[in-house]
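Notes follow once the structure below has been shown.
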Amino acid sequence: MANKTLGLDARLYDYLLGLGLREPPVLARLREATEREEMAVMRSAPEQGQFMAMLLKLMHAARVLEIGTYTGYATLWMALALPDDGEVHSCDISERWTFVARRFWEEAGVGDRVHLHLRPALDTLRMLHADGAAESFDFAFIDADKIHYRDYFEGVLGLIRPGGLIAIDNTLWGGAVADPDRQDADTRAIRAFNDALHRDSRVEMVMLPVADGLSLARKLPSPNPLP
Ligand code: CA
């Protein structure tokens, strides 16, 4: 996995960040704090966070669902892109990482917008469904354990409104998805997910070489025949 855009050498990536990124200072501080954590590579790339923030604004999104909070870096990009009454429902199982997250959400003044659900995400998705949240979210970001990607996508799809967007992270997986020698469980799970998404007539989709591969799926009002 990678937390910067694949295939760019260091000089060009520095250039991209230098002239492409307008990262608010609180997000820069959270990124620095995350660098000190053992799983820092799980943090989303800054250019990706900024891209998703722009998508949210283009969509006038107010309700966001996130599977995989980690230290809340992508969460914070998204929360800052929402109107005052917007909500991010973010799912994770780690008290420790989300402790860092909460501190920075408060510091950024968006603590009230973020609802953290600390239990297995599939349970949270079922609970949101049972609470009447079906088709109530504008945007979702899936970036958690890869083995469950297909299950997360199914659970999230029911909670997204028609016309809403699901972003799925790490779909190029450092290039391993295209390497036949890579047969570990995570790589196989992402390959299976990518294959299923490509054939899924309930959504329109694109696969972007942003960060570690970012796929976007837009939910259709009713399934469309595929080309
Ligand atoms: Ca990721």
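Every chain in the structure tokens takes a letter, A first, then B, and so on in the order presented; its residues are numbered from 1, and the ligands are numbered from 1 following the presented order.
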Check which residues of stretch 34-71 of chain A sit at most 9 Å from stretch 152-168 of chain A using only C-alpha atoms, and return one row each with the closest pair of atoms and their distance in Å to one decimal, ordered by chain and rising number, as CSV.
```
residue,atom,partner,partner_atom,distance
A:Met52,CA,A:Ala167,CA,8.4
A:Met59,CA,A:Gly164,CA,8.3
A:Ala61,CA,A:Gly164,CA,8.8
A:Leu65,CA,A:Val156,CA,8.0
A:Ile67,CA,A:Tyr152,CA,7.7
```
Quick one: everything within 12 Å of A:Gly174, counting only C-alpha atoms, minus sequence neighbours fewer than 2 positions away in the same chain. Send it as a ChimeraX atom specification. /A:1-7,41,169-172,176-179,182,186-187,190,209-214
Atoms to include: N, CA and C atoms. Write the selected residues as a PDB file, in the first residue's frame.
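This went into result.pdb:
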```pdb
ATOM      1  N   MET A   1       0.849  -1.189   0.000  1.00  0.00           N
ATOM      2  CA  MET A   1       0.000   0.000   0.000  1.00  0.00           C
ATOM      3  C   MET A   1       0.887   1.242   0.000  1.00  0.00           C
ATOM      4  N   ALA A   2       0.350   2.341  -0.437  1.00  0.00           N
ATOM      5  CA  ALA A   2       1.126   3.577  -0.518  1.00  0.00           C
ATOM      6  C   ALA A   2       0.238   4.737  -0.100  1.00  0.00           C
ATOM      7  N   ASN A   3       0.827   5.747   0.513  1.00  0.00           N
ATOM      8  CA  ASN A   3       0.016   6.911   0.861  1.00  0.00           C
ATOM      9  C   ASN A   3       0.452   8.144   0.076  1.00  0.00           C
ATOM     10  N   LYS A   4       0.970   7.891  -1.103  1.00  0.00           N
ATOM     11  CA  LYS A   4       1.178   8.971  -2.065  1.00  0.00           C
ATOM     12  C   LYS A   4       0.822   8.424  -3.444  1.00  0.00           C
ATOM     13  N   THR A   5       0.671   9.327  -4.418  1.00  0.00           N
ATOM     14  CA  THR A   5       0.237   8.860  -5.728  1.00  0.00           C
ATOM     15  C   THR A   5       1.293   7.961  -6.366  1.00  0.00           C
ATOM     16  N   LEU A   6       0.858   6.804  -6.842  1.00  0.00           N
ATOM     17  CA  LEU A   6       1.735   5.788  -7.422  1.00  0.00           C
ATOM     18  C   LEU A   6       2.396   6.288  -8.689  1.00  0.00           C
ATOM     19  N   GLY A   7       3.607   5.832  -8.936  1.00  0.00           N
ATOM     20  CA  GLY A   7       4.215   6.013 -10.241  1.00  0.00           C
ATOM     21  C   GLY A   7       4.813   7.388 -10.468  1.00  0.00           C
ATOM     22  N   VAL A  41       1.559   4.467   7.148  1.00  0.00           N
ATOM     23  CA  VAL A  41       1.304   4.269   5.722  1.00  0.00           C
ATOM     24  C   VAL A  41      -0.200   4.157   5.441  1.00  0.00           C
ATOM     25  N   ASP A 169     -10.791   3.089  -1.587  1.00  0.00           N
ATOM     26  CA  ASP A 169      -9.362   3.383  -1.585  1.00  0.00           C
ATOM     27  C   ASP A 169      -8.519   2.138  -1.825  1.00  0.00           C
ATOM     28  N   ASN A 170      -7.288   2.369  -2.271  1.00  0.00           N
ATOM     29  CA  ASN A 170      -6.266   1.318  -2.426  1.00  0.00           C
ATOM     30  C   ASN A 170      -6.614   0.292  -3.495  1.00  0.00           C
ATOM     31  N   THR A 171      -7.371   0.673  -4.507  1.00  0.00           N
ATOM     32  CA  THR A 171      -7.792  -0.331  -5.481  1.00  0.00           C
ATOM     33  C   THR A 171      -6.682  -0.715  -6.467  1.00  0.00           C
ATOM     34  N   LEU A 172      -5.555   0.022  -6.476  1.00  0.00           N
ATOM     35  CA  LEU A 172      -4.394  -0.434  -7.269  1.00  0.00           C
ATOM     36  C   LEU A 172      -3.343  -1.112  -6.391  1.00  0.00           C
ATOM     37  N   ALA A 176       0.225  -4.302  -6.920  1.00  0.00           N
ATOM     38  CA  ALA A 176       0.167  -5.757  -6.722  1.00  0.00           C
ATOM     39  C   ALA A 176      -1.004  -6.410  -7.451  1.00  0.00           C
ATOM     40  N   VAL A 177      -2.101  -5.659  -7.639  1.00  0.00           N
ATOM     41  CA  VAL A 177      -3.277  -6.257  -8.294  1.00  0.00           C
ATOM     42  C   VAL A 177      -2.958  -6.762  -9.701  1.00  0.00           C
ATOM     43  N   ALA A 178      -1.967  -6.135 -10.352  1.00  0.00           N
ATOM     44  CA  ALA A 178      -1.623  -6.532 -11.728  1.00  0.00           C
ATOM     45  C   ALA A 178      -0.439  -7.480 -11.780  1.00  0.00           C
ATOM     46  N   ASP A 179       0.043  -7.917 -10.627  1.00  0.00           N
ATOM     47  CA  ASP A 179       1.221  -8.781 -10.563  1.00  0.00           C
ATOM     48  C   ASP A 179       0.781 -10.214 -10.231  1.00  0.00           C
ATOM     49  N   ARG A 182       1.644 -12.025  -6.977  1.00  0.00           N
ATOM     50  CA  ARG A 182       1.107 -11.594  -5.676  1.00  0.00           C
ATOM     51  C   ARG A 182      -0.238 -12.282  -5.456  1.00  0.00           C
ATOM     52  N   ASP A 186      -4.992 -10.143   0.939  1.00  0.00           N
ATOM     53  CA  ASP A 186      -5.436  -8.765   0.697  1.00  0.00           C
ATOM     54  C   ASP A 186      -5.474  -8.456  -0.797  1.00  0.00           C
ATOM     55  N   THR A 187      -4.402  -8.849  -1.490  1.00  0.00           N
ATOM     56  CA  THR A 187      -4.341  -8.577  -2.928  1.00  0.00           C
ATOM     57  C   THR A 187      -5.470  -9.292  -3.653  1.00  0.00           C
ATOM     58  N   ILE A 190      -8.783  -7.469  -3.064  1.00  0.00           N
ATOM     59  CA  ILE A 190      -8.936  -6.234  -3.847  1.00  0.00           C
ATOM     60  C   ILE A 190      -9.195  -6.567  -5.314  1.00  0.00           C
ATOM     61  N   PRO A 209      -5.951   6.625 -10.972  1.00  0.00           N
ATOM     62  CA  PRO A 209      -4.621   6.389 -10.385  1.00  0.00           C
ATOM     63  C   PRO A 209      -4.225   7.507  -9.423  1.00  0.00           C
ATOM     64  N   VAL A 210      -5.145   7.883  -8.563  1.00  0.00           N
ATOM     65  CA  VAL A 210      -4.885   8.879  -7.520  1.00  0.00           C
ATOM     66  C   VAL A 210      -4.417   8.126  -6.287  1.00  0.00           C
ATOM     67  N   ALA A 211      -3.356   8.600  -5.654  1.00  0.00           N
ATOM     68  CA  ALA A 211      -2.798   7.939  -4.463  1.00  0.00           C
ATOM     69  C   ALA A 211      -2.541   6.460  -4.782  1.00  0.00           C
ATOM     70  N   ASP A 212      -3.148   5.538  -4.013  1.00  0.00           N
ATOM     71  CA  ASP A 212      -2.896   4.104  -4.216  1.00  0.00           C
ATOM     72  C   ASP A 212      -4.010   3.463  -5.052  1.00  0.00           C
ATOM     73  N   GLY A 213      -4.653   4.278  -5.877  1.00  0.00           N
ATOM     74  CA  GLY A 213      -5.797   3.808  -6.662  1.00  0.00           C
ATOM     75  C   GLY A 213      -7.077   4.157  -5.930  1.00  0.00           C
ATOM     76  N   LEU A 214      -7.903   4.963  -6.586  1.00  0.00           N
ATOM     77  CA  LEU A 214      -9.160   5.390  -5.974  1.00  0.00           C
ATOM     78  C   LEU A 214     -10.269   5.125  -6.984  1.00  0.00           C
TER      79      LEU A 214
END
```
Using only C-alpha atoms and all ligand atoms, find the one residue out of A:Ala45, A:Leu17, A:Val64, A:Val88 that sits nearest to ligand 1. A:Ala45
Show me which residues are within 7 Å of ligand 1 counting only C-alpha atoms and all ligand atoms, and format the list as a ChimeraX atom specification. /A:42-44,143-144,169-170
Can I get the selection written as a short mmCIF file (atom, residue, chain, number, x, y, z; two decimals), in the first residue's frame, with C-alpha atoms?
```
data_model
loop_
_atom_site.label_atom_id
_atom_site.label_comp_id
_atom_site.auth_asym_id
_atom_site.auth_seq_id
_atom_site.Cartn_x
_atom_site.Cartn_y
_atom_site.Cartn_z
CA MET A 42 -2.46 3.84 6.30
CA ARG A 43 -2.96 7.60 6.33
CA SER A 44 -4.64 8.91 3.18
CA ASP A 143 -10.74 2.51 3.36
CA ALA A 144 -10.54 -0.33 5.88
CA ASP A 169 -9.36 3.38 -1.59
CA ASN A 170 -6.27 1.32 -2.43
#
```
Length of the atom CA of A:Ala133 to atom CA of A:Ser201 vector [Å]: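 About the pair atom CA of A:Ala133 and atom CA of A:Ser201: they are 22.9 Å apart.
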Stretch 57-147 of chain A near stretch 25-38 of chain A within 12 Å: what's each residue's closest atom pair and its distance in Å to one decimal, counting only C-alpha atoms, ordered by chain then ascending residue number, as CSV?
```
residue,atom,partner,partner_atom,distance
A:Tyr70,CA,A:Thr34,CA,9.2
A:Thr71,CA,A:Thr34,CA,6.7
A:Gly72,CA,A:Leu30,CA,8.3
A:Tyr73,CA,A:Leu30,CA,6.7
A:Ala74,CA,A:Leu27,CA,9.2
A:Thr75,CA,A:Leu27,CA,10.2
A:Leu76,CA,A:Leu27,CA,7.3
A:Trp77,CA,A:Leu27,CA,7.5
A:Met78,CA,A:Leu27,CA,11.1
A:Ala79,CA,A:Leu27,CA,11.4
A:Leu80,CA,A:Leu27,CA,10.0
A:Arg96,CA,A:Glu37,CA,10.3
A:Trp97,CA,A:Glu37,CA,8.6
A:Thr98,CA,A:Thr34,CA,11.1
A:Phe99,CA,A:Thr34,CA,11.6
A:Val100,CA,A:Ala33,CA,8.2
A:Ala101,CA,A:Leu30,CA,8.0
A:Arg102,CA,A:Leu30,CA,10.6
A:Arg103,CA,A:Leu30,CA,9.2
A:Phe104,CA,A:Leu30,CA,6.5
A:Trp105,CA,A:Val26,CA,8.9
A:Glu106,CA,A:Val26,CA,10.3
A:Glu107,CA,A:Val26,CA,7.5
A:Ala108,CA,A:Val26,CA,6.3
A:Gly109,CA,A:Val26,CA,10.1
A:Val110,CA,A:Val26,CA,11.4
```
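For the pair atom CA of A:Phe141 and atom CA of A:His129, the separation is 17.1 Å.
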Give the strand (DSSP E) residues of stretch 9-214 of chain A, as assigned by DSSP on the backbone, as a PyMOL selection string. chain A and resi 63-67+87-92+114-118+137-142+160-169+203-208+214
Just want the 8 Å neighbourhood of A:Pro46, counted on only C-alpha atoms, with same-chain residues fewer than 4 positions away dropped. Output as a PyMOL selection string. chain A and resi 4+21+23+50
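Distance check against A:Arg188 using only C-alpha atoms: of A:Ala217, A:Leu55, A:His148, A:Ser222, the minimum falls on A:His148.
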Could you state the separation of atom CA of A:Asp138 and atom CA of A:Asp85 in Å, given to one decimal place? 13.8 Å
For the structure I just gave you, how does DSSP split stretch 94-160 of chain A - specifically, which residues are helix (DSSP H, G or I)? Reply as number ranges by chain. A: 95-107, 111-113, 121-130, 146-159
Mind writing the picked residues with N, CA, C and O atoms as a compact mmCIF listing (two decimals), in the first residue's frame?
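What follows is the written file result.txt:
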```
# COMPACT_ATOMS: atom_id res chain seq x y z
N GLU A 95 -9.62 2.29 19.50
CA GLU A 95 -9.70 3.42 20.45
C GLU A 95 -8.47 4.30 20.31
O GLU A 95 -8.54 5.51 20.39
N ARG A 96 -7.32 3.65 20.12
CA ARG A 96 -6.06 4.38 20.19
C ARG A 96 -5.92 5.36 19.02
O ARG A 96 -5.61 6.53 19.20
N TRP A 97 -6.14 4.87 17.80
CA TRP A 97 -5.96 5.74 16.65
C TRP A 97 -7.03 6.82 16.61
O TRP A 97 -6.75 7.96 16.24
N THR A 98 -8.24 6.45 16.95
CA THR A 98 -9.30 7.45 16.87
C THR A 98 -9.18 8.47 18.00
O THR A 98 -9.76 9.55 17.92
N PHE A 99 -8.39 8.17 19.04
CA PHE A 99 -8.11 9.15 20.09
C PHE A 99 -7.34 10.33 19.48
O PHE A 99 -7.64 11.50 19.75
N VAL A 100 -6.35 10.01 18.65
CA VAL A 100 -5.62 11.06 17.92
C VAL A 100 -6.60 11.84 17.04
O VAL A 100 -6.60 13.07 17.01
N ALA A 101 -7.45 11.09 16.34
CA ALA A 101 -8.41 11.71 15.42
C ALA A 101 -9.29 12.74 16.13
O ALA A 101 -9.41 13.88 15.69
N ARG A 102 -9.88 12.32 17.25
CA ARG A 102 -10.82 13.21 17.95
C ARG A 102 -10.16 14.52 18.35
O ARG A 102 -10.78 15.57 18.29
N ARG A 103 -8.90 14.44 18.79
CA ARG A 103 -8.19 15.64 19.24
C ARG A 103 -8.11 16.66 18.12
O ARG A 103 -8.37 17.85 18.33
N PHE A 104 -7.81 16.19 16.91
CA PHE A 104 -7.66 17.13 15.79
C PHE A 104 -9.01 17.60 15.25
O PHE A 104 -9.13 18.73 14.78
N TRP A 105 -10.02 16.75 15.30
CA TRP A 105 -11.36 17.21 14.87
C TRP A 105 -11.82 18.35 15.77
O TRP A 105 -12.38 19.34 15.28
N GLU A 106 -11.57 18.21 17.08
CA GLU A 106 -11.95 19.27 18.02
C GLU A 106 -11.16 20.53 17.71
O GLU A 106 -11.71 21.63 17.66
N GLU A 107 -9.85 20.35 17.51
CA GLU A 107 -8.99 21.50 17.24
C GLU A 107 -9.44 22.26 15.98
O GLU A 107 -9.36 23.49 15.92
N GLY A 111 -15.61 18.89 15.57
CA GLY A 111 -15.90 17.73 16.43
C GLY A 111 -17.38 17.37 16.44
O GLY A 111 -17.73 16.19 16.48
N ASP A 112 -18.24 18.38 16.38
CA ASP A 112 -19.69 18.12 16.40
C ASP A 112 -20.19 17.45 15.13
O ASP A 112 -21.26 16.85 15.12
N ARG A 113 -19.45 17.60 14.05
CA ARG A 113 -19.92 17.04 12.77
C ARG A 113 -19.57 15.57 12.61
O ARG A 113 -20.09 14.91 11.72
N ALA A 121 -17.38 -2.42 11.48
CA ALA A 121 -18.15 -1.55 10.59
C ALA A 121 -19.40 -2.23 10.04
O ALA A 121 -20.43 -1.58 9.85
N LEU A 122 -19.33 -3.55 9.81
CA LEU A 122 -20.51 -4.22 9.26
C LEU A 122 -21.68 -4.14 10.26
O LEU A 122 -22.84 -4.03 9.86
N ASP A 123 -21.36 -4.17 11.56
CA ASP A 123 -22.41 -4.00 12.58
C ASP A 123 -23.00 -2.59 12.52
O ASP A 123 -24.22 -2.40 12.61
N THR A 124 -22.12 -1.59 12.37
CA THR A 124 -22.60 -0.21 12.27
C THR A 124 -23.48 -0.02 11.04
O THR A 124 -24.53 0.63 11.10
N LEU A 125 -23.08 -0.62 9.91
CA LEU A 125 -23.88 -0.49 8.70
C LEU A 125 -25.27 -1.09 8.90
O LEU A 125 -26.28 -0.51 8.50
N ARG A 126 -25.31 -2.25 9.57
CA ARG A 126 -26.62 -2.88 9.86
C ARG A 126 -27.45 -2.00 10.77
O ARG A 126 -28.66 -1.84 10.59
N MET A 127 -26.79 -1.40 11.79
CA MET A 127 -27.52 -0.54 12.73
C MET A 127 -28.07 0.70 12.04
O MET A 127 -29.21 1.11 12.29
N LEU A 128 -27.26 1.32 11.19
CA LEU A 128 -27.73 2.51 10.47
C LEU A 128 -28.94 2.16 9.61
O LEU A 128 -29.93 2.91 9.55
N HIS A 129 -28.88 1.00 8.98
CA HIS A 129 -30.00 0.53 8.17
C HIS A 129 -31.25 0.36 9.03
O HIS A 129 -32.33 0.85 8.69
N ALA A 130 -31.08 -0.29 10.18
CA ALA A 130 -32.21 -0.54 11.07
C ALA A 130 -32.77 0.77 11.63
O ALA A 130 -33.96 0.86 11.94
N LYS A 146 -9.03 -4.95 3.77
CA LYS A 146 -9.36 -5.24 2.37
C LYS A 146 -10.18 -6.51 2.20
O LYS A 146 -10.93 -6.66 1.23
N ILE A 147 -10.05 -7.43 3.15
CA ILE A 147 -10.77 -8.71 3.06
C ILE A 147 -12.29 -8.50 2.99
O ILE A 147 -13.01 -9.26 2.36
N HIS A 148 -12.75 -7.44 3.64
CA HIS A 148 -14.19 -7.21 3.71
C HIS A 148 -14.70 -6.17 2.70
O HIS A 148 -15.84 -5.71 2.81
N TYR A 149 -13.86 -5.79 1.74
CA TYR A 149 -14.28 -4.71 0.83
C TYR A 149 -15.62 -4.99 0.16
O TYR A 149 -16.45 -4.10 0.04
N ARG A 150 -15.84 -6.21 -0.30
CA ARG A 150 -17.11 -6.47 -1.01
C ARG A 150 -18.30 -6.36 -0.07
O ARG A 150 -19.35 -5.86 -0.44
N ASP A 151 -18.11 -6.82 1.18
CA ASP A 151 -19.19 -6.71 2.17
C ASP A 151 -19.45 -5.26 2.53
O ASP A 151 -20.60 -4.83 2.66
N TYR A 152 -18.37 -4.50 2.71
CA TYR A 152 -18.55 -3.08 3.03
C TYR A 152 -19.30 -2.38 1.90
O TYR A 152 -20.22 -1.59 2.14
N PHE A 153 -18.91 -2.68 0.68
CA PHE A 153 -19.54 -2.02 -0.47
C PHE A 153 -21.04 -2.33 -0.51
O PHE A 153 -21.87 -1.43 -0.72
N GLU A 154 -21.40 -3.59 -0.28
CA GLU A 154 -22.83 -3.96 -0.29
C GLU A 154 -23.59 -3.23 0.80
O GLU A 154 -24.68 -2.71 0.57
N GLY A 155 -23.00 -3.18 2.00
CA GLY A 155 -23.67 -2.49 3.11
C GLY A 155 -23.81 -1.00 2.86
O GLY A 155 -24.86 -0.39 3.14
N VAL A 156 -22.76 -0.41 2.30
CA VAL A 156 -22.76 1.03 2.05
C VAL A 156 -23.73 1.38 0.92
O VAL A 156 -24.44 2.39 0.99
N LEU A 157 -23.80 0.55 -0.11
CA LEU A 157 -24.63 0.87 -1.27
C LEU A 157 -26.09 1.09 -0.87
O LEU A 157 -26.76 1.98 -1.39
N GLY A 158 -26.57 0.32 0.08
CA GLY A 158 -27.94 0.48 0.54
C GLY A 158 -28.17 1.77 1.32
O GLY A 158 -29.30 2.23 1.46
N LEU A 159 -27.10 2.34 1.84
CA LEU A 159 -27.22 3.56 2.67
C LEU A 159 -27.01 4.83 1.86
O LEU A 159 -27.26 5.93 2.34
```
